[in-house]
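Visitor: Got work_25.cif for you, mmCIF, C-alpha atoms and all ligand atoms:
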```cif
data_entry
loop_
_atom_site.label_atom_id
_atom_site.label_comp_id
_atom_site.auth_asym_id
_atom_site.auth_seq_id
_atom_site.Cartn_x
_atom_site.Cartn_y
_atom_site.Cartn_z
CA MET Z 1 -4.65 -7.84 -20.29
CA GLN Z 2 -7.94 -9.25 -21.61
CA ASP Z 3 -9.56 -8.63 -18.19
CA LEU Z 4 -8.29 -5.07 -18.07
CA ILE Z 5 -9.74 -4.42 -21.51
CA LYS Z 6 -13.06 -6.06 -20.62
CA ASN Z 7 -13.42 -3.89 -17.53
CA ALA Z 8 -12.53 -0.74 -19.43
CA ILE Z 9 -15.13 -1.56 -22.09
CA GLU Z 10 -17.81 -2.03 -19.43
CA GLU Z 11 -16.93 1.32 -17.87
CA PHE Z 12 -16.81 2.94 -21.29
CA LYS Z 13 -20.29 1.67 -22.14
CA ASN Z 14 -21.61 3.23 -18.93
CA LEU Z 15 -20.45 6.72 -19.90
CA ASP Z 16 -22.99 9.50 -20.46
CA ASN Z 17 -23.03 11.53 -23.66
CA LYS Z 18 -21.06 14.51 -22.37
CA PRO Z 19 -17.85 15.46 -24.19
CA ILE Z 20 -14.75 13.47 -23.31
CA ARG Z 21 -11.31 14.96 -22.73
CA VAL Z 22 -8.54 13.09 -24.56
CA ILE Z 23 -4.87 13.66 -23.69
CA SER Z 24 -2.05 12.05 -25.64
CA HIS Z 25 1.69 12.23 -26.12
CA LEU Z 26 3.58 14.33 -28.70
CA ASP Z 27 5.57 11.56 -30.43
CA SER Z 28 4.64 9.13 -33.20
CA ASP Z 29 3.19 6.57 -30.78
CA GLY Z 30 1.19 9.27 -29.01
CA LEU Z 31 -0.20 10.74 -32.22
CA THR Z 32 -1.22 7.34 -33.59
CA SER Z 33 -2.79 6.47 -30.19
CA ALA Z 34 -4.82 9.68 -30.30
CA SER Z 35 -5.85 9.03 -33.90
CA ILE Z 36 -7.12 5.56 -33.03
CA MET Z 37 -9.03 6.90 -30.01
CA LEU Z 38 -10.53 9.78 -32.03
CA GLN Z 39 -11.90 7.42 -34.64
CA VAL Z 40 -13.31 5.11 -31.98
CA LEU Z 41 -15.07 8.03 -30.28
CA LYS Z 42 -16.41 9.25 -33.61
CA ARG Z 43 -17.77 5.81 -34.41
CA GLU Z 44 -19.33 5.61 -30.94
CA LYS Z 45 -20.90 9.04 -31.59
CA LYS Z 46 -19.12 10.61 -28.62
CA LYS Z 47 -18.01 14.24 -28.53
CA PHE Z 48 -14.42 14.90 -27.54
CA VAL Z 49 -11.70 17.52 -27.10
CA LEU Z 50 -8.13 16.45 -27.77
CA SER Z 51 -4.87 17.90 -26.46
CA ILE Z 52 -1.37 16.68 -27.24
CA VAL Z 53 1.26 17.28 -24.56
CA LYS Z 54 5.01 16.81 -24.36
CA GLN Z 55 4.62 15.24 -20.94
CA LEU Z 56 2.28 15.03 -17.99
CA ASN Z 57 3.18 16.92 -14.85
CA GLU Z 58 1.54 18.43 -11.82
CA ASN Z 59 0.56 21.61 -13.69
CA VAL Z 60 -1.14 19.79 -16.56
CA LEU Z 61 -3.08 17.61 -14.10
CA LYS Z 62 -4.07 20.59 -11.96
CA GLU Z 63 -5.44 22.32 -15.06
CA LEU Z 64 -7.36 19.20 -16.07
CA SER Z 65 -8.86 19.00 -12.59
CA LEU Z 66 -10.30 22.51 -13.07
CA GLU Z 67 -11.92 21.73 -16.41
CA ASN Z 68 -15.55 20.77 -16.72
CA TYR Z 69 -15.14 17.30 -18.23
CA ASN Z 70 -16.30 14.28 -16.26
CA THR Z 71 -14.30 11.80 -18.32
CA ILE Z 72 -10.65 11.94 -19.29
CA ILE Z 73 -8.89 9.43 -21.54
CA PHE Z 74 -5.09 9.31 -21.49
CA THR Z 75 -3.30 7.48 -24.28
CA ASP Z 76 0.44 6.66 -24.46
CA LEU Z 77 0.92 8.43 -21.13
CA GLY Z 78 -0.57 8.43 -17.67
CA SER Z 79 0.83 5.23 -16.17
CA GLY Z 80 3.92 7.05 -14.92
CA TYR Z 81 1.79 9.65 -13.12
CA ILE Z 82 -0.80 7.55 -11.30
CA LYS Z 83 0.15 9.00 -7.95
CA LEU Z 84 -0.68 12.53 -9.17
CA ILE Z 85 -3.77 11.35 -11.07
CA ASN Z 86 -5.02 9.68 -7.87
CA GLN Z 87 -4.47 12.98 -6.10
CA TYR Z 88 -5.83 15.55 -8.59
CA LEU Z 89 -8.46 13.74 -10.64
CA LYS Z 90 -10.36 11.76 -8.04
CA ASN Z 91 -13.72 13.24 -9.01
CA LYS Z 92 -13.53 12.21 -12.64
CA LYS Z 93 -13.79 8.98 -14.57
CA ILE Z 94 -10.31 8.23 -15.92
CA PHE Z 95 -9.15 5.83 -18.64
CA ILE Z 96 -5.45 5.19 -19.17
CA PHE Z 97 -4.26 3.25 -22.24
CA ASP Z 98 -0.51 3.10 -21.87
CA HIS Z 99 2.59 0.90 -21.84
CA HIS Z 100 4.96 2.84 -19.56
CA ILE Z 101 5.82 1.30 -16.20
CA PRO Z 102 3.34 2.51 -13.54
CA ASP Z 103 4.87 4.74 -10.86
CA VAL Z 104 2.78 3.27 -8.04
CA SER Z 105 0.73 0.10 -7.66
CA GLU Z 106 -2.13 1.72 -5.74
CA ILE Z 107 -4.74 2.78 -8.29
CA HIS Z 108 -7.99 4.46 -7.25
CA SER Z 109 -11.27 2.89 -8.35
CA ASN Z 110 -12.23 5.82 -10.63
CA ILE Z 111 -9.34 4.85 -12.93
CA SER Z 112 -9.55 2.16 -15.63
CA HIS Z 113 -5.90 1.39 -16.11
CA VAL Z 114 -5.21 -0.65 -19.25
CA ASN Z 115 -1.52 -1.51 -19.43
CA PRO Z 116 -0.03 -5.03 -19.65
CA ASN Z 117 3.37 -3.87 -18.40
CA SER Z 118 4.53 -3.87 -14.80
CA SER Z 119 8.01 -3.61 -13.32
CA ASP Z 120 8.37 -7.40 -13.45
CA ARG Z 121 6.80 -8.10 -16.85
CA ILE Z 122 7.29 -6.18 -20.09
CA PHE Z 123 5.53 -6.97 -23.36
CA GLN Z 124 6.29 -5.73 -26.83
CA ILE Z 125 3.43 -3.30 -27.14
CA SER Z 126 3.12 0.44 -27.65
CA GLY Z 127 0.62 2.98 -26.33
CA SER Z 128 -1.11 2.89 -29.70
CA GLY Z 129 -1.12 -0.93 -29.49
CA VAL Z 130 -2.90 -0.87 -26.12
CA THR Z 131 -5.37 1.71 -27.46
CA TYR Z 132 -5.94 -0.44 -30.53
CA LEU Z 133 -6.63 -3.62 -28.52
CA PHE Z 134 -9.27 -1.71 -26.56
CA ALA Z 135 -10.76 -0.43 -29.84
CA LYS Z 136 -10.85 -3.85 -31.45
CA ASN Z 137 -12.48 -5.48 -28.42
CA LEU Z 138 -15.03 -2.69 -28.27
CA SER Z 139 -16.03 -3.33 -31.87
CA LEU Z 140 -14.52 -5.47 -34.60
CA GLU Z 141 -15.24 -2.61 -36.97
CA ASN Z 142 -12.16 -0.96 -35.45
CA LYS Z 143 -9.87 -3.70 -36.72
CA ASP Z 144 -9.14 -1.45 -39.70
CA LEU Z 145 -7.18 0.84 -37.33
CA ALA Z 146 -4.47 -1.77 -36.58
CA TYR Z 147 -2.06 -0.23 -39.08
CA LEU Z 148 -1.90 2.95 -36.98
CA ALA Z 149 -0.67 0.89 -34.03
CA VAL Z 150 1.97 -0.67 -36.28
CA ILE Z 151 3.25 2.83 -37.12
CA GLY Z 152 3.20 3.78 -33.43
CA SER Z 153 5.14 0.67 -32.40
CA ILE Z 154 7.79 1.40 -35.01
CA GLY Z 155 8.03 4.91 -33.58
CA ASP Z 156 8.84 3.40 -30.19
CA SER Z 157 11.47 1.05 -31.79
CA GLN Z 158 9.57 -2.10 -30.87
CA LYS Z 159 9.70 -5.60 -32.24
CA PHE Z 160 6.71 -7.40 -33.67
CA GLN Z 161 6.55 -10.08 -31.00
CA ASP Z 162 3.91 -11.06 -28.44
CA LEU Z 163 1.00 -8.60 -28.46
CA ASN Z 164 2.57 -6.58 -31.28
CA LYS Z 165 2.56 -9.63 -33.54
CA GLN Z 166 -1.24 -9.95 -33.19
CA ILE Z 167 -1.64 -6.30 -34.11
CA LEU Z 168 0.61 -6.63 -37.15
CA ASP Z 169 -1.44 -9.67 -38.26
CA ASP Z 170 -4.62 -7.58 -37.97
CA ALA Z 171 -3.06 -4.82 -40.08
CA VAL Z 172 -2.19 -7.37 -42.77
CA ASP Z 173 -5.60 -9.08 -42.50
CA THR Z 174 -7.43 -5.84 -43.06
CA ASN Z 175 -5.37 -5.24 -46.18
CA LYS Z 176 -3.77 -2.08 -44.86
CA ILE Z 177 -0.18 -3.26 -44.56
CA GLU Z 178 1.98 -5.41 -46.77
CA ILE Z 179 5.22 -6.93 -45.46
CA ARG Z 180 8.16 -7.20 -47.84
CA ARG Z 181 11.72 -8.23 -47.33
CA GLY Z 182 14.07 -5.39 -48.21
CA LEU Z 183 17.24 -3.51 -47.42
CA LYS Z 184 17.23 -2.25 -43.85
CA MET Z 185 18.29 1.29 -44.59
CA PHE Z 186 15.95 4.21 -44.02
CA GLY Z 187 14.39 6.45 -46.68
CA ALA Z 188 13.75 4.04 -49.58
CA GLN Z 189 10.58 5.83 -50.71
CA THR Z 190 11.55 9.47 -50.41
CA LYS Z 191 15.30 10.06 -50.32
CA PRO Z 192 17.92 10.01 -53.11
CA LEU Z 193 19.71 6.65 -53.01
CA TYR Z 194 23.18 8.18 -52.58
CA LYS Z 195 21.90 10.01 -49.47
CA VAL Z 196 20.37 6.79 -48.14
CA LEU Z 197 23.75 5.07 -48.57
CA GLN Z 198 25.67 7.98 -47.06
CA PHE Z 199 23.46 8.01 -43.97
CA SER Z 200 23.15 4.24 -43.59
CA THR Z 201 24.39 3.31 -40.13
CA ASP Z 202 22.48 0.02 -40.07
CA PRO Z 203 23.86 -1.59 -42.14
CA PHE Z 204 27.16 0.20 -41.79
CA ILE Z 205 28.93 0.29 -45.17
CA PRO Z 206 32.68 0.85 -44.79
CA GLY Z 207 33.91 3.68 -47.03
CA VAL Z 208 30.35 4.75 -47.85
CA THR Z 209 28.57 5.48 -44.56
CA GLY Z 210 29.28 9.06 -43.55
CA SER Z 211 30.78 10.10 -46.88
CA GLU Z 212 28.86 11.69 -49.73
CA GLU Z 213 31.84 11.22 -52.02
CA GLY Z 214 32.13 7.57 -50.97
CA ALA Z 215 28.43 7.00 -51.66
CA LEU Z 216 28.59 8.55 -55.15
CA LEU Z 217 31.76 6.61 -55.97
CA PHE Z 218 30.18 3.37 -54.77
CA MET Z 219 27.18 3.84 -57.07
CA ASN Z 220 29.53 4.63 -59.92
CA GLU Z 221 31.53 1.43 -59.27
CA LEU Z 222 28.31 -0.60 -59.31
CA GLY Z 223 27.15 1.02 -62.54
CA ILE Z 224 24.02 2.50 -60.96
CA GLU Z 225 23.15 5.97 -62.25
CA VAL Z 226 22.74 8.63 -59.57
CA LYS Z 227 20.06 10.38 -61.58
CA ASP Z 228 17.31 9.19 -63.84
CA ASN Z 229 16.05 11.94 -66.18
CA ASP Z 230 17.18 14.75 -63.88
CA ARG Z 231 15.54 13.13 -60.84
CA PHE Z 232 17.70 11.54 -58.17
CA LYS Z 233 17.21 7.81 -58.19
CA LYS Z 234 15.66 6.36 -55.04
CA LEU Z 235 16.06 2.86 -53.66
CA VAL Z 236 12.50 2.01 -54.75
CA ASN Z 237 13.29 3.07 -58.33
CA LEU Z 238 15.94 0.37 -58.81
CA ASN Z 239 15.13 -2.52 -61.12
CA GLU Z 240 15.83 -6.09 -60.09
CA GLU Z 241 19.25 -6.21 -61.66
CA GLU Z 242 20.38 -2.94 -60.04
CA LEU Z 243 19.07 -4.10 -56.69
CA LYS Z 244 21.08 -7.30 -56.99
CA LYS Z 245 24.22 -5.33 -57.84
CA LEU Z 246 23.62 -3.04 -54.88
CA THR Z 247 23.05 -5.76 -52.29
CA THR Z 248 26.07 -7.75 -53.49
CA GLY Z 249 28.13 -4.56 -53.45
CA ILE Z 250 27.12 -3.77 -49.87
CA ILE Z 251 27.87 -7.29 -48.66
CA LEU Z 252 31.30 -7.21 -50.36
CA LYS Z 253 32.13 -3.86 -48.73
CA ARG Z 254 31.18 -5.27 -45.36
CA LEU Z 255 33.29 -8.43 -45.70
CA GLY Z 256 36.09 -8.55 -43.17
CA SER Z 257 35.06 -5.65 -41.03
CA GLU Z 258 31.64 -6.91 -39.98
CA LYS Z 259 30.62 -9.95 -37.97
CA ASN Z 260 27.72 -10.70 -40.24
CA PRO Z 261 28.21 -8.94 -43.59
CA ALA Z 262 24.96 -10.28 -45.08
CA ASP Z 263 22.86 -8.90 -42.22
CA ILE Z 264 21.48 -6.07 -44.34
CA PHE Z 265 17.85 -7.09 -44.82
CA SER Z 266 14.78 -6.62 -42.69
CA ASP Z 267 11.01 -6.64 -43.00
CA VAL Z 268 9.64 -3.50 -44.61
CA TYR Z 269 6.07 -2.49 -43.77
CA LEU Z 270 4.30 -0.79 -46.64
CA LEU Z 271 0.92 0.91 -46.45
CA LYS Z 272 -1.08 -0.50 -49.31
CA GLU Z 273 -3.41 2.46 -49.75
CA GLU Z 274 -0.72 5.12 -49.77
CA GLU Z 275 0.90 6.55 -52.88
CA ASP Z 276 4.28 5.15 -53.94
CA GLU Z 277 7.28 7.31 -53.04
CA SER Z 278 5.27 9.36 -50.53
CA PHE Z 279 6.25 9.97 -46.89
CA THR Z 280 3.33 7.79 -45.82
CA LYS Z 281 4.11 4.68 -47.94
CA ASP Z 282 6.69 3.05 -45.66
CA ALA Z 283 5.53 2.74 -42.04
CA ARG Z 284 9.00 3.72 -40.83
CA GLU Z 285 8.97 6.95 -42.85
CA PHE Z 286 5.35 7.60 -41.77
CA SER Z 287 6.45 7.30 -38.18
CA THR Z 288 9.35 9.71 -38.74
CA LEU Z 289 6.95 12.16 -40.35
CA LEU Z 290 4.78 12.07 -37.22
CA ASN Z 291 7.79 12.65 -34.98
CA CYS Z 292 8.77 15.64 -37.14
CA CYS Z 293 5.28 17.14 -36.78
CA GLY Z 294 5.63 16.75 -33.02
CA ARG Z 295 9.12 18.21 -32.89
CA LEU Z 296 8.06 21.26 -34.88
CA ASP Z 297 5.16 21.65 -32.46
CA LYS Z 298 2.52 20.88 -35.11
CA PRO Z 299 0.90 17.72 -33.69
CA SER Z 300 -2.44 18.53 -35.29
CA VAL Z 301 -0.82 18.12 -38.72
CA GLY Z 302 0.29 14.63 -37.68
CA ILE Z 303 -3.20 13.77 -36.50
CA GLY Z 304 -4.60 15.04 -39.83
CA VAL Z 305 -2.19 12.76 -41.71
CA CYS Z 306 -3.24 9.77 -39.57
CA LEU Z 307 -6.87 10.57 -40.34
CA ASN Z 308 -5.94 10.50 -44.03
CA ASN Z 309 -6.79 14.13 -44.69
CA PRO Z 310 -5.21 15.16 -48.04
CA LYS Z 311 -4.88 18.82 -47.01
CA PHE Z 312 -2.85 17.86 -43.95
CA LYS Z 313 -0.73 15.48 -46.01
CA ASN Z 314 0.31 18.45 -48.15
CA ILE Z 315 1.06 20.56 -45.09
CA ALA Z 316 3.11 17.68 -43.66
CA ASN Z 317 5.16 17.54 -46.86
CA GLU Z 318 6.02 21.21 -46.39
CA LEU Z 319 6.80 20.59 -42.72
CA MET Z 320 9.36 17.95 -43.70
CA LYS Z 321 11.18 20.60 -45.71
CA GLU Z 322 11.00 23.02 -42.79
CA TYR Z 323 12.33 20.29 -40.52
CA LYS Z 324 15.31 19.73 -42.80
CA ILE Z 325 16.04 23.46 -42.92
CA GLU Z 326 15.88 23.72 -39.13
CA LEU Z 327 18.25 20.77 -38.77
CA ILE Z 328 20.68 22.37 -41.21
CA ASN Z 329 20.46 25.72 -39.42
CA GLY Z 330 21.14 23.96 -36.13
CA LEU Z 331 24.16 22.15 -37.59
CA ASN Z 332 25.45 25.42 -39.08
CA TRP Z 333 25.14 27.08 -35.70
CA PHE Z 334 27.19 24.24 -34.26
CA TYR Z 335 29.93 24.52 -36.93
CA ASN Z 336 30.13 28.29 -36.56
CA ASN Z 337 30.42 28.14 -32.77
CA LYS Z 338 32.37 24.91 -32.42
CA ASP Z 339 35.50 26.62 -31.15
CA LYS Z 340 33.73 28.52 -28.40
CA MET Z 341 32.38 25.40 -26.70
CA ILE Z 342 33.49 23.88 -23.42
CA LYS Z 343 35.97 21.16 -24.28
CA GLY Z 344 37.97 18.56 -22.40
CA ASN Z 345 40.10 15.63 -23.46
CA ASN Z 346 37.14 13.36 -23.91
CA TYR Z 347 34.09 15.57 -23.95
CA LEU Z 348 32.37 18.58 -25.49
CA ILE Z 349 29.58 20.63 -23.94
CA MET Z 350 27.48 22.56 -26.41
CA ASN Z 351 25.15 25.05 -24.79
CA ALA Z 352 22.87 26.10 -27.64
CA GLN Z 353 20.55 28.10 -25.33
CA GLU Z 354 17.81 29.49 -27.63
CA ASN Z 355 19.77 28.89 -30.85
CA ILE Z 356 18.44 25.35 -31.37
CA ARG Z 357 14.89 24.16 -30.69
CA ASP Z 358 14.79 21.84 -27.66
CA THR Z 359 12.91 19.21 -29.63
CA LEU Z 360 15.69 19.09 -32.27
CA ILE Z 361 18.70 19.13 -29.96
CA GLY Z 362 18.72 15.34 -29.57
CA THR Z 363 18.67 14.69 -33.32
CA ILE Z 364 21.37 17.31 -33.98
CA THR Z 365 23.61 15.89 -31.25
CA SER Z 366 23.16 12.41 -32.78
CA ILE Z 367 24.19 13.69 -36.21
CA ILE Z 368 27.30 15.40 -34.76
CA SER Z 369 28.21 12.24 -32.86
CA LYS Z 370 28.26 10.28 -36.12
CA ALA Z 371 30.02 12.91 -38.24
CA ASN Z 372 33.60 11.90 -37.47
CA ILE Z 373 34.50 15.34 -36.09
CA TYR Z 374 35.66 14.15 -32.71
CA ARG Z 375 37.73 11.22 -31.54
CA GLU Z 376 35.86 7.97 -30.91
CA ASN Z 377 34.23 7.78 -27.44
CA THR Z 378 34.13 11.56 -27.08
CA ILE Z 379 31.08 12.39 -24.97
CA LEU Z 380 28.79 15.12 -26.26
CA ILE Z 381 26.49 17.03 -23.95
CA SER Z 382 24.08 19.48 -25.60
CA MET Z 383 21.75 21.92 -23.94
CA ALA Z 384 18.81 23.93 -25.31
CA TYR Z 385 16.22 26.15 -23.66
CA THR Z 386 12.58 25.05 -23.64
CA ILE Z 387 9.69 27.51 -23.78
CA ASP Z 388 8.76 26.78 -20.18
CA ASN Z 389 12.05 27.86 -18.63
CA ASN Z 390 13.78 24.54 -18.50
CA ILE Z 391 16.83 23.22 -20.30
CA LYS Z 392 16.68 20.07 -22.37
CA VAL Z 393 19.94 18.14 -22.09
CA SER Z 394 20.99 15.48 -24.62
CA MET Z 395 23.94 13.19 -24.23
CA ARG Z 396 25.57 11.14 -26.98
CA ILE Z 397 28.83 9.33 -27.61
CA CYS Z 398 30.88 9.70 -30.81
CA ASN Z 399 30.74 6.62 -33.09
CA GLY Z 400 29.80 4.75 -29.96
CA ASP Z 401 27.74 1.82 -31.18
CA ASN Z 402 30.35 -0.59 -29.85
CA SER Z 403 31.39 1.44 -26.86
CA GLU Z 404 31.43 0.02 -23.35
CA ILE Z 405 30.66 3.42 -21.88
CA ASP Z 406 27.22 3.72 -20.28
CA LEU Z 407 26.05 7.31 -20.66
CA ARG Z 408 23.14 6.82 -18.27
CA GLU Z 409 25.57 6.08 -15.43
CA ILE Z 410 27.55 9.23 -16.20
CA LEU Z 411 24.42 11.36 -16.40
CA LYS Z 412 23.24 9.97 -13.08
CA GLU Z 413 26.57 10.91 -11.55
CA ILE Z 414 26.14 14.46 -12.89
CA THR Z 415 22.50 14.93 -11.88
CA GLU Z 416 22.75 13.00 -8.60
CA ASP Z 417 19.06 12.23 -9.14
CA LYS Z 418 18.26 15.89 -8.54
CA TRP Z 419 16.74 16.14 -12.01
CA GLU Z 420 14.72 13.55 -13.90
CA SER Z 421 16.76 11.70 -16.53
CA GLY Z 422 16.07 8.88 -18.96
CA GLY Z 423 17.24 7.10 -22.08
CA HIS Z 424 19.60 4.36 -23.17
CA LYS Z 425 23.26 3.49 -22.80
CA TYR Z 426 24.22 5.36 -26.01
CA ALA Z 427 21.66 8.16 -25.94
CA CYS Z 428 20.12 9.78 -22.93
CA GLY Z 429 19.02 13.11 -21.59
CA CYS Z 430 17.39 15.09 -18.82
CA LEU Z 431 15.42 18.23 -18.13
CA ILE Z 432 16.77 20.83 -15.71
CA PRO Z 433 15.38 24.17 -14.53
CA ILE Z 434 16.98 27.14 -16.26
CA GLU Z 435 18.37 28.53 -12.99
CA ASN Z 436 20.55 25.43 -12.66
CA GLU Z 437 22.29 26.03 -16.01
CA GLN Z 438 25.72 26.93 -14.58
CA GLU Z 439 25.52 24.37 -11.80
CA PHE Z 440 24.83 21.62 -14.35
CA ILE Z 441 27.75 22.71 -16.56
CA ASN Z 442 30.14 22.86 -13.59
CA LYS Z 443 29.03 19.46 -12.38
CA SER Z 444 29.42 17.95 -15.88
CA VAL Z 445 32.93 19.36 -16.26
CA ASP Z 446 33.82 18.08 -12.84
CA VAL Z 447 32.54 14.53 -13.46
CA LEU Z 448 33.88 14.25 -17.05
CA ASN Z 449 37.34 15.57 -16.16
CA ARG Z 450 37.71 12.65 -13.78
CA LYS Z 451 36.93 10.07 -16.50
CA VAL Z 452 39.56 8.62 -18.79
CA TYR Z 453 38.62 6.77 -22.00
MN MN U 1 4.82 5.13 -26.46
#
```
Please render this file's structure as structure tokens.

Guide:
Amino acid sequence: MQDLIKNAIEEFKNLDNKPIRVISHLDSDGLTSASIMLQVLKREKKKFVLSIVKQLNENVLKELSLENYNTIIFTDLGSGYIKLINQYLKNKKIFIFDHHIPDVSEIHSNISHVNPNSSDRIFQISGSGVTYLFAKNLSLENKDLAYLAVIGSIGDSQKFQDLNKQILDDAVDTNKIEIRRGLKMFGAQTKPLYKVLQFSTDPFIPGVTGSEEGALLFMNELGIEVKDNDRFKKLVNLNEEELKKLTTGIILKRLGSEKNPADIFSDVYLLKEEEDESFTKDAREFSTLLNCCGRLDKPSVGIGVCLNNPKFKNIANELMKEYKIELINGLNWFYNNKDKMIKGNNYLIMNAQENIRDTLIGTITSIISKANIYRENTILISMAYTIDNNIKVSMRICNGDNSEIDLREILKEITEDKWESGGHKYACGCLIPIENEQEFINKSVDVLNRKVY
């Protein structure tokens, strides 16, 4: 890795002063990668033009090949498209700072490929982490950007081991991030505590998770007020005594039904310079905010937040409200049309077409899968149109955190590798051309009807 970075720095120092094209990915890791790169280029007095894309493909690369830029920097993407980059961008100087597995091993000499991962060795590092290590080696002044890579790594659900650990140490060293031990659940800074409890799947709290009534009752039992002077109490508002009551209460609820009832704490990463109770205080909430900006197709707002622009922070706050409204609208559409969907013994196919944004379909399907509407192990397949005439497909399993069913295998059986798919055992998806809509539904019905759970 150190050699790769050294080479890239040498090549970077040889660049002329013409504007540089920067291309990054739409999610939290991509936006933080771009923000790190932008600040590096600014400090190096380079001009640049940034674009954020959902993914690279032949069309994007063809367009880039026609542009006038001599230098292109890819962050948090590129490694999976080296074959096409070799083909279309041979006349340009290319930098790739990424962590995805490279598609081919043959890399042309015009490409500086900085990526520690290969098919036989995977490190804990994100795209923003790779970009940061380049930045730091270029100039120690850039060490103050480490916290952005911490946010990006959290967005990609990574652990702070190997290379990531170094980056976290830098973020702490530069006084940007403070690590505290706290309850694992999400939303401590910004959400009402009863909502945090209701939506807590890790830790799972029997009788509370998934039930608003259960969450309110639980707080009542513990003697913790739901409101404090008309404002809903948040987890961060609790005093020491209340916090003790809460953690004991959660552990007691988990006794018997959980293997490790006291496994409810984790490290919490707080941004020291951010305001308390804001969306940017807890690195996990910051990362979610960036993903929301991406999903609502407002990546520039996310970049503005990463660059600490107060105007964009306000816009992002409004976007979070919009995001919530869109999620609720999507869920309402589902409830209103639930009976018209394609159903089998063990599956449900929801074809939302243009009724739900493609970037929200995954989140909405996850919420439905956890809402106790369908029998355990019911497989949910959701479909939504994209603006470029494709269909985004999301697959989830109801209450399936302990399930033996591997959704990826089932999706592979359905797509027969005709369409690109990806994801995990419990959550996966694919992208299919709109003209294959009916074919995909027929194939899904056919495959799922043959399965018995
Ligand atoms: Mn990434």

Visitor: Distance cut-off 7 Å, centre (9.8, -7.4, -43.3) in file coordinates, counting all atoms listed in the file: which residues qualify? Return them as a ChimeraX atom specification.

Guide: /Z:179-182,266-269

Visitor: With C-alpha atoms retained, export the selected residues as a short mmCIF file (atom, residue, chain, number, x, y, z; two decimals), in the frame of the given file.

Guide:
```cif
data_model
loop_
_atom_site.label_atom_id
_atom_site.label_comp_id
_atom_site.auth_asym_id
_atom_site.auth_seq_id
_atom_site.Cartn_x
_atom_site.Cartn_y
_atom_site.Cartn_z
CA ILE Z 179 5.22 -6.93 -45.46
CA ARG Z 180 8.16 -7.20 -47.84
CA ARG Z 181 11.72 -8.23 -47.33
CA GLY Z 182 14.07 -5.39 -48.21
CA SER Z 266 14.78 -6.62 -42.69
CA ASP Z 267 11.01 -6.64 -43.00
CA VAL Z 268 9.64 -3.50 -44.61
CA TYR Z 269 6.07 -2.49 -43.77
#
```

Visitor: Please, what distance in Å, to one decimal, runs between CA of Leu431 in chain Z and CA of Glu416 in chain Z?

Guide: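 Here the two named atoms are 13.1 Å from each other.
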
Visitor: What do you get as a list in words if you pick all residues at most 10 Å from ligand MN 1 (chain U), counting only C-alpha atoms and all ligand atoms?

Guide: Ser24, His25, Leu26, Asp27, Ser28, Asp29, Gly30, Leu31, Thr32, Ser33, Thr75, Asp76, Leu77, Asp98, His99, His100, Ile125, Ser126, Gly127, Ser128, Gly129, Val130, Gly152, Ser153, Ile154, Gly155, Asp156, Ser157 and Gln158 of chain Z

Visitor: Calculate how many Å separate CA of Tyr347 in chain Z from CA of Ile410 in chain Z, rounding to one decimal.

Guide: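 A separation of 12.0 Å between them.
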
Visitor: Kindly provide, as a list in words, the polymer residues lying within 9 Å of (23.6, 22.4, -18.1), counting all atoms listed in the file and using the coordinates exactly as they appear in the file.

Guide: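 Output: Ile349, Asn351, Ile381, Ser382, Met383, Ala384, Ile391, Lys392, Val393, Ile432, Ile434, Asn436, Glu437, Gln438, Glu439, Phe440, Ile441, Asn442, Lys443 and Ser444 of chain Z.
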
Visitor: Grab all the atoms of range 209-226 of chain Z that the file lists, wrap them in a box along x, y and z, add 3 Å per side, and give me centre plus edge lengths in Å (one decimal) as AutoDock Vina command-line options.

Guide:
```
--center_x 27.4 --center_y 5.5 --center_z -53.0 --size_x 15.4 --size_y 18.3 --size_z 25.0
```

Visitor: As a short mmCIF file (atom, residue, chain, number, x, y, z; two decimals), keeping the file's coordinate frame, could you write out range 173-180 of chain Z once it has been completed with N, CA and C atoms?

Guide:
```cif
data_model
loop_
_atom_site.label_atom_id
_atom_site.label_comp_id
_atom_site.auth_asym_id
_atom_site.auth_seq_id
_atom_site.Cartn_x
_atom_site.Cartn_y
_atom_site.Cartn_z
N ASP Z 173 -4.27 -8.52 -42.24
CA ASP Z 173 -5.60 -9.08 -42.50
C ASP Z 173 -6.56 -8.08 -43.09
N THR Z 174 -6.49 -6.87 -42.61
CA THR Z 174 -7.43 -5.84 -43.06
C THR Z 174 -6.94 -5.15 -44.33
N ASN Z 175 -5.85 -5.72 -44.89
CA ASN Z 175 -5.37 -5.24 -46.18
C ASN Z 175 -4.77 -3.84 -46.15
N LYS Z 176 -4.33 -3.42 -44.98
CA LYS Z 176 -3.77 -2.08 -44.86
C LYS Z 176 -2.25 -2.11 -45.02
N ILE Z 177 -1.65 -3.20 -44.54
CA ILE Z 177 -0.18 -3.26 -44.56
C ILE Z 177 0.29 -4.51 -45.29
N GLU Z 178 1.37 -4.31 -46.03
CA GLU Z 178 1.98 -5.41 -46.77
C GLU Z 178 3.42 -5.52 -46.27
N ILE Z 179 3.85 -6.76 -45.96
CA ILE Z 179 5.22 -6.93 -45.46
C ILE Z 179 6.09 -7.44 -46.60
N ARG Z 180 7.21 -6.74 -46.82
CA ARG Z 180 8.16 -7.20 -47.84
C ARG Z 180 9.52 -7.29 -47.22
#
```
